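To be precise, the following lines are start-v5.txt, and they hold compact mmCIF, C-alpha atoms.
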```txt
# COMPACT_ATOMS: atom_id res chain seq x y z
CA MET A 1 -10.37 12.26 -24.48
CA SER A 2 -12.39 9.76 -26.51
CA GLU A 3 -9.20 7.95 -27.57
CA VAL A 4 -8.30 7.19 -23.94
CA ARG A 5 -11.84 6.04 -23.25
CA ASP A 6 -11.98 3.79 -26.31
CA VAL A 7 -8.53 2.24 -25.82
CA ASN A 8 -9.15 1.51 -22.15
CA LYS A 9 -12.61 0.08 -22.77
CA GLN A 10 -11.35 -2.28 -25.46
CA GLY A 11 -8.22 -3.23 -23.55
CA TYR A 12 -9.80 -4.00 -20.20
CA ASN A 13 -12.67 -5.94 -21.74
CA LYS A 14 -10.07 -8.17 -23.43
CA LEU A 15 -8.10 -8.48 -20.20
CA ALA A 16 -11.06 -9.29 -17.98
CA PRO A 17 -11.01 -13.12 -18.23
CA GLU A 18 -7.36 -13.23 -17.10
CA PHE A 19 -7.31 -10.25 -14.75
CA VAL A 20 -6.70 -12.31 -11.60
CA GLU A 21 -3.93 -12.05 -9.01
CA GLU A 22 -2.20 -15.30 -9.92
CA LYS A 23 -1.83 -14.23 -13.56
CA ARG A 24 -1.21 -10.49 -13.04
CA ILE A 25 1.71 -10.57 -10.61
CA THR A 26 2.55 -6.88 -11.02
CA THR A 27 -1.03 -5.96 -10.10
CA ALA A 28 -0.85 -8.35 -7.15
CA ASN A 29 2.36 -6.61 -6.01
CA PHE A 30 0.67 -3.21 -6.28
CA HIS A 31 -2.27 -4.49 -4.24
CA GLU A 32 -0.02 -5.87 -1.52
CA LEU A 33 1.92 -2.62 -1.20
CA SER A 34 -1.26 -0.57 -0.87
CA GLN A 35 -3.00 -2.81 1.69
CA ASP A 36 -1.95 -0.81 4.75
CA PHE A 37 -3.16 2.42 3.15
CA PHE A 38 -6.59 1.02 2.35
CA ARG A 39 -6.93 -0.55 5.81
CA TYR A 40 -6.26 2.91 7.23
CA VAL A 41 -8.87 4.37 4.88
CA MET A 42 -11.50 1.83 5.91
CA ASN A 43 -10.80 2.32 9.61
CA SER A 44 -10.30 6.08 9.73
CA LYS A 45 -11.76 7.85 6.69
CA LEU A 46 -14.89 5.95 5.68
CA LYS A 47 -17.78 6.35 8.10
CA LYS A 48 -21.10 4.59 8.45
CA GLY A 49 -23.75 6.15 6.24
CA MET A 50 -21.36 7.91 3.84
CA LYS A 51 -22.15 7.93 0.13
CA VAL A 52 -19.08 6.34 -1.46
CA LEU A 53 -18.19 5.99 -5.14
CA GLU A 54 -15.50 3.54 -6.22
CA ILE A 55 -14.11 4.28 -9.67
CA GLY A 56 -12.38 1.69 -11.84
CA VAL A 57 -13.65 -1.13 -9.65
CA GLY A 58 -12.29 -3.84 -11.97
CA LYS A 59 -12.82 -7.31 -10.51
CA GLY A 60 -13.68 -5.83 -7.10
CA TRP A 61 -10.39 -6.14 -5.20
CA LEU A 62 -11.16 -3.31 -2.79
CA ARG A 63 -14.71 -4.48 -2.16
CA LYS A 64 -13.72 -8.10 -1.55
CA ASN A 65 -10.58 -7.74 0.56
CA PHE A 66 -11.36 -5.14 3.22
CA ASN A 67 -13.84 -4.68 6.05
CA TRP A 68 -15.93 -1.76 4.86
CA PRO A 69 -18.14 0.20 7.21
CA LYS A 70 -21.82 0.22 6.27
CA VAL A 71 -21.76 2.86 3.54
CA ASP A 72 -24.05 3.74 0.65
CA TYR A 73 -21.83 2.28 -2.08
CA ILE A 74 -21.81 2.31 -5.86
CA ALA A 75 -19.00 1.66 -8.35
CA VAL A 76 -18.21 2.41 -11.98
CA ASP A 77 -15.94 0.81 -14.53
CA ILE A 78 -15.48 1.33 -18.25
CA ALA A 79 -15.28 -2.41 -19.04
CA GLU A 80 -18.52 -4.37 -18.75
CA MET A 81 -16.61 -7.67 -18.80
CA MET A 82 -14.71 -6.67 -15.66
CA ILE A 83 -17.79 -6.04 -13.54
CA LYS A 84 -20.30 -8.59 -14.81
CA GLU A 85 -20.15 -10.55 -11.54
CA LEU A 86 -20.29 -7.51 -9.23
CA ASP A 87 -23.31 -5.83 -7.68
CA ASN A 88 -23.95 -2.06 -7.41
CA THR A 89 -21.93 -1.23 -10.51
CA ILE A 90 -22.46 0.97 -13.56
CA VAL A 91 -20.61 0.73 -16.88
CA CYS A 92 -19.39 4.19 -17.83
CA SER A 93 -16.29 6.30 -18.38
CA VAL A 94 -14.95 8.21 -15.39
CA GLU A 95 -14.93 11.35 -17.54
CA ASP A 96 -18.71 11.12 -18.08
CA MET A 97 -20.51 9.71 -15.02
CA PRO A 98 -24.32 9.65 -14.65
CA PHE A 99 -24.45 11.32 -11.25
CA GLU A 100 -25.64 14.67 -9.98
CA ASP A 101 -23.20 17.32 -8.76
CA ALA A 102 -21.77 16.96 -5.24
CA GLN A 103 -23.47 13.60 -4.70
CA PHE A 104 -20.72 11.66 -2.88
CA ASP A 105 -18.91 12.08 0.43
CA CYS A 106 -15.94 10.07 -0.75
CA VAL A 107 -14.44 8.74 -3.99
CA ILE A 108 -12.04 5.82 -3.72
CA SER A 109 -9.86 4.07 -6.28
CA SER A 110 -7.27 1.32 -6.41
CA LEU A 111 -4.73 1.80 -9.23
CA GLY A 112 -6.41 4.81 -10.83
CA ASP A 113 -3.75 5.52 -13.44
CA PRO A 114 -5.94 4.65 -16.49
CA TYR A 115 -8.12 7.71 -15.83
CA PHE A 116 -5.80 10.18 -14.14
CA TYR A 117 -6.15 12.83 -16.83
CA LYS A 118 -7.77 16.24 -16.54
CA GLU A 119 -11.23 15.53 -17.98
CA ALA A 120 -11.73 12.57 -15.64
CA LEU A 121 -10.35 14.38 -12.58
CA VAL A 122 -12.68 17.34 -13.20
CA GLU A 123 -15.61 14.91 -13.35
CA ILE A 124 -14.54 13.29 -10.07
CA SER A 125 -14.46 16.73 -8.48
CA ARG A 126 -17.93 17.49 -9.88
CA VAL A 127 -19.64 14.45 -8.32
CA LEU A 128 -17.78 14.82 -5.00
CA ARG A 129 -19.15 17.22 -2.40
CA ARG A 130 -17.05 20.12 -1.20
CA ASP A 131 -14.54 18.92 1.42
CA GLY A 132 -15.16 15.34 0.30
CA LEU A 133 -12.16 13.04 0.02
CA PHE A 134 -10.57 11.43 -3.01
CA LEU A 135 -8.49 8.46 -1.79
CA PHE A 136 -6.44 6.39 -4.21
CA SER A 137 -3.43 4.32 -5.14
CA THR A 138 -1.51 4.47 -8.41
CA PRO A 139 1.69 2.98 -9.83
CA ALA A 140 4.50 5.30 -8.83
CA ASN A 141 5.94 7.52 -11.53
CA GLU A 142 9.50 6.63 -10.51
CA TRP A 143 8.91 2.94 -11.25
CA ALA A 144 6.90 3.66 -14.42
CA ARG A 145 9.65 5.87 -15.84
CA LYS A 146 12.31 3.22 -15.20
CA LEU A 147 10.16 0.53 -16.81
CA ARG A 148 8.81 2.31 -19.89
CA GLY A 149 10.44 5.72 -20.17
CA GLU A 150 8.08 8.43 -21.39
CA ARG A 151 5.43 6.03 -22.71
CA ILE A 152 2.00 6.37 -21.06
CA PHE A 153 0.79 2.82 -21.59
CA SER A 154 0.63 -0.35 -19.53
CA SER A 155 1.32 -3.52 -21.50
CA PHE A 156 -0.31 -6.88 -20.78
CA LYS A 157 0.49 -10.18 -22.48
CA VAL A 158 -2.52 -12.41 -23.10
CA GLY A 159 -1.62 -15.47 -25.14
CA ASN A 160 0.12 -14.16 -28.25
CA GLU A 161 -1.53 -10.74 -28.01
CA ASN A 162 0.01 -7.66 -26.44
CA ILE A 163 -2.74 -5.45 -24.99
CA GLU A 164 -2.05 -1.83 -24.09
CA THR A 165 -4.08 0.53 -21.93
CA TYR A 166 -3.41 4.10 -20.90
CA SER A 167 -1.50 4.64 -17.66
CA PHE A 168 -0.99 8.22 -16.42
CA THR A 169 1.55 8.55 -13.61
CA TYR A 170 3.05 11.70 -12.09
CA ASN A 171 5.78 12.80 -9.75
CA ALA A 172 4.58 14.54 -6.59
CA LYS A 173 4.90 18.09 -7.94
CA ASP A 174 3.09 17.37 -11.19
CA MET A 175 0.37 15.39 -9.41
CA ILE A 176 -0.33 18.21 -6.98
CA ASN A 177 -0.41 20.79 -9.78
CA LEU A 178 -2.79 18.73 -11.95
CA TRP A 179 -5.12 17.83 -9.10
CA ARG A 180 -5.23 21.47 -7.96
CA SER A 181 -6.19 22.58 -11.47
CA CYS A 182 -9.15 20.18 -11.18
CA GLY A 183 -10.36 21.40 -7.78
CA PHE A 184 -8.40 19.33 -5.25
CA GLU A 185 -5.92 20.06 -2.48
CA PRO A 186 -3.47 17.43 -1.16
CA LEU A 187 -3.76 16.04 2.37
CA THR A 188 -1.32 13.11 2.30
CA MET A 189 0.93 11.36 -0.21
CA GLN A 190 3.14 8.34 0.40
CA ASN A 191 5.39 6.11 -1.68
CA TRP A 192 5.68 2.37 -1.10
CA TYR A 193 8.73 0.28 -2.03
CA ALA A 194 9.38 -3.27 -3.22
CA GLY A 195 10.85 -4.25 0.14
CA GLY A 196 7.28 -4.51 1.38
CA ILE A 197 6.44 -7.32 -1.05
CA ARG A 198 6.48 -10.69 0.75
CA GLY A 199 5.54 -12.93 -2.18
CA PRO A 200 7.06 -13.29 -5.66
CA ILE A 201 8.05 -10.02 -7.33
CA SER A 202 6.90 -9.57 -10.91
CA ALA A 203 9.31 -9.33 -13.82
CA ASP A 204 8.15 -5.76 -14.52
CA ILE A 205 9.27 -4.74 -11.04
CA SER A 206 12.40 -6.87 -10.66
CA LYS A 207 13.75 -5.93 -14.11
CA ILE A 208 14.63 -2.42 -12.93
CA GLY A 209 17.66 -4.05 -11.32
CA ASN A 210 19.48 -3.96 -8.00
CA SER A 211 17.92 -0.60 -7.12
CA VAL A 212 14.44 -2.15 -6.93
CA THR A 213 14.22 -1.74 -3.15
CA GLU A 214 15.07 1.96 -3.49
CA VAL A 215 12.55 2.77 -6.21
CA ALA A 216 9.00 3.85 -5.37
CA ILE A 217 6.58 1.26 -6.78
CA VAL A 218 3.19 2.52 -5.60
CA THR A 219 1.96 5.95 -4.55
CA THR A 220 -1.05 6.42 -2.28
CA ALA A 221 -2.72 9.75 -1.66
CA ILE A 222 -5.65 11.58 -0.13
CA PHE A 223 -6.90 14.79 -1.71
CA VAL A 224 -9.77 16.98 -0.54
CA ASN A 225 -12.25 18.50 -2.97
CA LYS A 226 -12.43 22.30 -2.84
CA LYS A 227 -14.36 23.03 -6.02
CA ASN A 228 -18.02 22.20 -5.43
CA GLY A 229 -20.31 24.35 -3.34
```
Render the structure in this file as structure tokens.
Amino acid sequence: MSEVRDVNKQGYNKLAPEFVEEKRITTANFHELSQDFFRYVMNSKLKKGMKVLEIGVGKGWLRKNFNWPKVDYIAVDIAEMMIKELDNTIVCSVEDMPFEDAQFDCVISSLGDPYFYKEALVEISRVLRRDGLFLFSTPANEWARKLRGERIFSSFKVGNENIETYSFTYNAKDMINLWRSCGFEPLTMQNWYAGGIRGPISADISKIGNSVTEVAIVTTAIFVNKKNG
């Protein structure tokens, strides 16, 4: 999937200088809706001494905004401009990571839709030990379909330029089927709705109309790896 890799690398490097909450309101809304899930993860699923890989770390929202237990942590991101101020990070594609098989106890990701395609998911399964957990949030397919139809791209406006990156979202059935084909089994899945947003709601969320409070905006999930020995 070299096209996905190349488009995302170029797009997120361009976005990096402006990829902050106050300018990316939709991303800020996604983060707010997934806060309770990630607090639960930090308190109940991550344990002291675990080897944890964060994928698509971006500007470090997960690392900066939660109380992590003392874990052996490393992160990857495809865009070097995103992570230049972060420690313990490696620039690479999720579909080709420089780690040994079954190296991590847990893989975690906030808004993983840019790399939720088969080649990347198989690689996540490879580096995750058997019975290790993959914990993540992603824009909900229901919202994505209402916003952009069948298109699989996120669009970002930076000055006069429109930047697009890949965004793969799935309904529950399709997500379970794809993840299973890559070695995972579902433990939990939950949708989060716009009614949980306390601050300003972005145009990309509010434009879906009066049904906004009834449409799933973010999906969070925990899958367990069953492929590696």
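The shortest atom-to-atom distance to Ser93 (chain A), with all atoms listed in the file taken into account, belongs to A:Ser2 out of A:Ser2, A:Ser155, A:Asn29, A:Asn141.
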Determine, using only C-alpha atoms, which residues of region 54-164 of chain A have any atom at most 12 Å from an atom of region 175-186 of chain A, and tabulate each with its shortest atom pair and distance in Å to one decimal place, rows ordered by chain and then rising number, as a Markdown table.
```
| residue | atom | partner | partner_atom | distance |
| --- | --- | --- | --- | --- |
| A:Asp113 | CA | A:Met175 | CA | 11.4 |
| A:Phe116 | CA | A:Trp179 | CA | 9.2 |
| A:Tyr117 | CA | A:Leu178 | CA | 8.4 |
| A:Lys118 | CA | A:Cys182 | CA | 6.8 |
| A:Glu119 | CA | A:Cys182 | CA | 8.5 |
| A:Ala120 | CA | A:Cys182 | CA | 9.2 |
| A:Leu121 | CA | A:Cys182 | CA | 6.1 |
| A:Val122 | CA | A:Cys182 | CA | 5.0 |
| A:Glu123 | CA | A:Cys182 | CA | 8.6 |
| A:Ile124 | CA | A:Cys182 | CA | 8.8 |
| A:Ser125 | CA | A:Gly183 | CA | 6.3 |
| A:Arg126 | CA | A:Gly183 | CA | 8.8 |
| A:Val127 | CA | A:Gly183 | CA | 11.6 |
| A:Leu128 | CA | A:Gly183 | CA | 10.3 |
| A:Arg129 | CA | A:Gly183 | CA | 11.1 |
| A:Arg130 | CA | A:Gly183 | CA | 9.5 |
| A:Asp131 | CA | A:Phe184 | CA | 9.1 |
| A:Gly132 | CA | A:Phe184 | CA | 9.6 |
| A:Leu133 | CA | A:Phe184 | CA | 9.0 |
| A:Phe134 | CA | A:Phe184 | CA | 8.5 |
| A:Leu135 | CA | A:Pro186 | CA | 10.3 |
| A:Phe136 | CA | A:Pro186 | CA | 11.8 |
| A:Thr138 | CA | A:Met175 | CA | 11.1 |
| A:Ala140 | CA | A:Met175 | CA | 10.9 |
| A:Asn141 | CA | A:Met175 | CA | 9.9 |
```
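The point (6.8, -7.4, -10.2) has these residues within 10 Å of it, counting all atoms listed in the file: A:Arg24, A:Ile25, A:Thr26, A:Thr27, A:Ala28, A:Asn29, A:Phe30, A:Ala194, A:Ile197, A:Gly199, A:Pro200, A:Ile201, A:Ser202, A:Ala203, A:Asp204, A:Ile205, A:Ser206, A:Lys207, A:Ile208, A:Val212, A:Ile217.
Among the candidate residues A:Glu21, A:Ser137, A:Cys106, A:Thr213, the one lying nearest to Gln35 (chain A) is A:Ser137, with distances computed using only C-alpha atoms.
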Would you kindly return, as a compact mmCIF listing (two decimals) with C-alpha atoms, in the frame of the given file, each protein, DNA or RNA residue with an atom no farther than 6 Å from any atom of region 162-167 of chain A, considering only C-alpha atoms and excluding same-chain residues fewer than 5 positions away?
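Printed below is out16.txt as written:
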```txt
# COMPACT_ATOMS: atom_id res chain seq x y z
CA ASN A 8 -9.15 1.51 -22.15
CA GLY A 11 -8.22 -3.23 -23.55
CA ASP A 113 -3.75 5.52 -13.44
CA PRO A 114 -5.94 4.65 -16.49
CA ILE A 152 2.00 6.37 -21.06
CA PHE A 153 0.79 2.82 -21.59
CA SER A 154 0.63 -0.35 -19.53
CA SER A 155 1.32 -3.52 -21.50
CA PHE A 156 -0.31 -6.88 -20.78
CA LYS A 157 0.49 -10.18 -22.48
```
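Proximity to Gly58 (chain A) was assessed for A:Ile83, A:Leu111, A:Leu46, A:Ala75 counting only C-alpha atoms; the smallest distance is recorded for A:Ile83.
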Looking at only C-alpha atoms, which of A:Trp61, A:Phe223, A:Gly56, A:Glu214 is the one that sits closest to Val76 (chain A)?
A:Gly56
When you look at Val57 (chain A) with a cut-off of 7 Å (counting all atoms listed in the file), what residues show up, excluding the ones that are within fewer than 2 positions of it in the same chain? I need them as a ChimeraX atom specification.
/A:54-55,59-60,75-77
Once N, CA and C atoms are restored for region 7-22 of chain A, what would the output be as a PDB file, in the frame of the given file?
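Done, and the output landed in selection.pdb:
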```
ATOM      1  N   VAL A   7      -9.645   3.187 -26.002  1.00  0.00           N
ATOM      2  CA  VAL A   7      -8.530   2.240 -25.820  1.00  0.00           C
ATOM      3  C   VAL A   7      -8.676   1.482 -24.507  1.00  0.00           C
ATOM      4  N   ASN A   8      -9.008   2.181 -23.446  1.00  0.00           N
ATOM      5  CA  ASN A   8      -9.150   1.510 -22.150  1.00  0.00           C
ATOM      6  C   ASN A   8     -10.335   0.553 -22.130  1.00  0.00           C
ATOM      7  N   LYS A   9     -11.427   0.949 -22.730  1.00  0.00           N
ATOM      8  CA  LYS A   9     -12.610   0.080 -22.770  1.00  0.00           C
ATOM      9  C   LYS A   9     -12.290  -1.212 -23.505  1.00  0.00           C
ATOM     10  N   GLN A  10     -11.700  -1.094 -24.676  1.00  0.00           N
ATOM     11  CA  GLN A  10     -11.350  -2.280 -25.460  1.00  0.00           C
ATOM     12  C   GLN A  10     -10.328  -3.140 -24.732  1.00  0.00           C
ATOM     13  N   GLY A  11      -9.295  -2.487 -24.197  1.00  0.00           N
ATOM     14  CA  GLY A  11      -8.220  -3.230 -23.550  1.00  0.00           C
ATOM     15  C   GLY A  11      -8.669  -3.986 -22.321  1.00  0.00           C
ATOM     16  N   TYR A  12      -9.410  -3.343 -21.438  1.00  0.00           N
ATOM     17  CA  TYR A  12      -9.800  -4.000 -20.200  1.00  0.00           C
ATOM     18  C   TYR A  12     -10.901  -5.032 -20.409  1.00  0.00           C
ATOM     19  N   ASN A  13     -11.729  -4.869 -21.421  1.00  0.00           N
ATOM     20  CA  ASN A  13     -12.670  -5.940 -21.740  1.00  0.00           C
ATOM     21  C   ASN A  13     -11.934  -7.190 -22.219  1.00  0.00           C
ATOM     22  N   LYS A  14     -10.872  -7.016 -22.991  1.00  0.00           N
ATOM     23  CA  LYS A  14     -10.070  -8.170 -23.430  1.00  0.00           C
ATOM     24  C   LYS A  14      -9.335  -8.809 -22.253  1.00  0.00           C
ATOM     25  N   LEU A  15      -8.875  -7.982 -21.333  1.00  0.00           N
ATOM     26  CA  LEU A  15      -8.100  -8.480 -20.200  1.00  0.00           C
ATOM     27  C   LEU A  15      -8.936  -9.179 -19.141  1.00  0.00           C
ATOM     28  N   ALA A  16     -10.222  -8.870 -19.090  1.00  0.00           N
ATOM     29  CA  ALA A  16     -11.060  -9.290 -17.980  1.00  0.00           C
ATOM     30  C   ALA A  16     -10.982 -10.778 -17.635  1.00  0.00           C
ATOM     31  N   PRO A  17     -11.025 -11.699 -18.602  1.00  0.00           N
ATOM     32  CA  PRO A  17     -11.010 -13.120 -18.230  1.00  0.00           C
ATOM     33  C   PRO A  17      -9.733 -13.546 -17.497  1.00  0.00           C
ATOM     34  N   GLU A  18      -8.626 -12.848 -17.727  1.00  0.00           N
ATOM     35  CA  GLU A  18      -7.360 -13.230 -17.100  1.00  0.00           C
ATOM     36  C   GLU A  18      -6.882 -12.207 -16.065  1.00  0.00           C
ATOM     37  N   PHE A  19      -7.744 -11.285 -15.692  1.00  0.00           N
ATOM     38  CA  PHE A  19      -7.310 -10.250 -14.750  1.00  0.00           C
ATOM     39  C   PHE A  19      -7.502 -10.742 -13.322  1.00  0.00           C
ATOM     40  N   VAL A  20      -6.678 -11.716 -12.935  1.00  0.00           N
ATOM     41  CA  VAL A  20      -6.700 -12.310 -11.600  1.00  0.00           C
ATOM     42  C   VAL A  20      -5.286 -12.256 -11.028  1.00  0.00           C
ATOM     43  N   GLU A  21      -5.201 -12.257  -9.697  1.00  0.00           N
ATOM     44  CA  GLU A  21      -3.930 -12.050  -9.010  1.00  0.00           C
ATOM     45  C   GLU A  21      -2.847 -13.026  -9.462  1.00  0.00           C
ATOM     46  N   GLU A  22      -3.223 -14.297  -9.610  1.00  0.00           N
ATOM     47  CA  GLU A  22      -2.200 -15.300  -9.920  1.00  0.00           C
ATOM     48  C   GLU A  22      -1.634 -15.149 -11.324  1.00  0.00           C
TER      49      GLU A  22
END
```
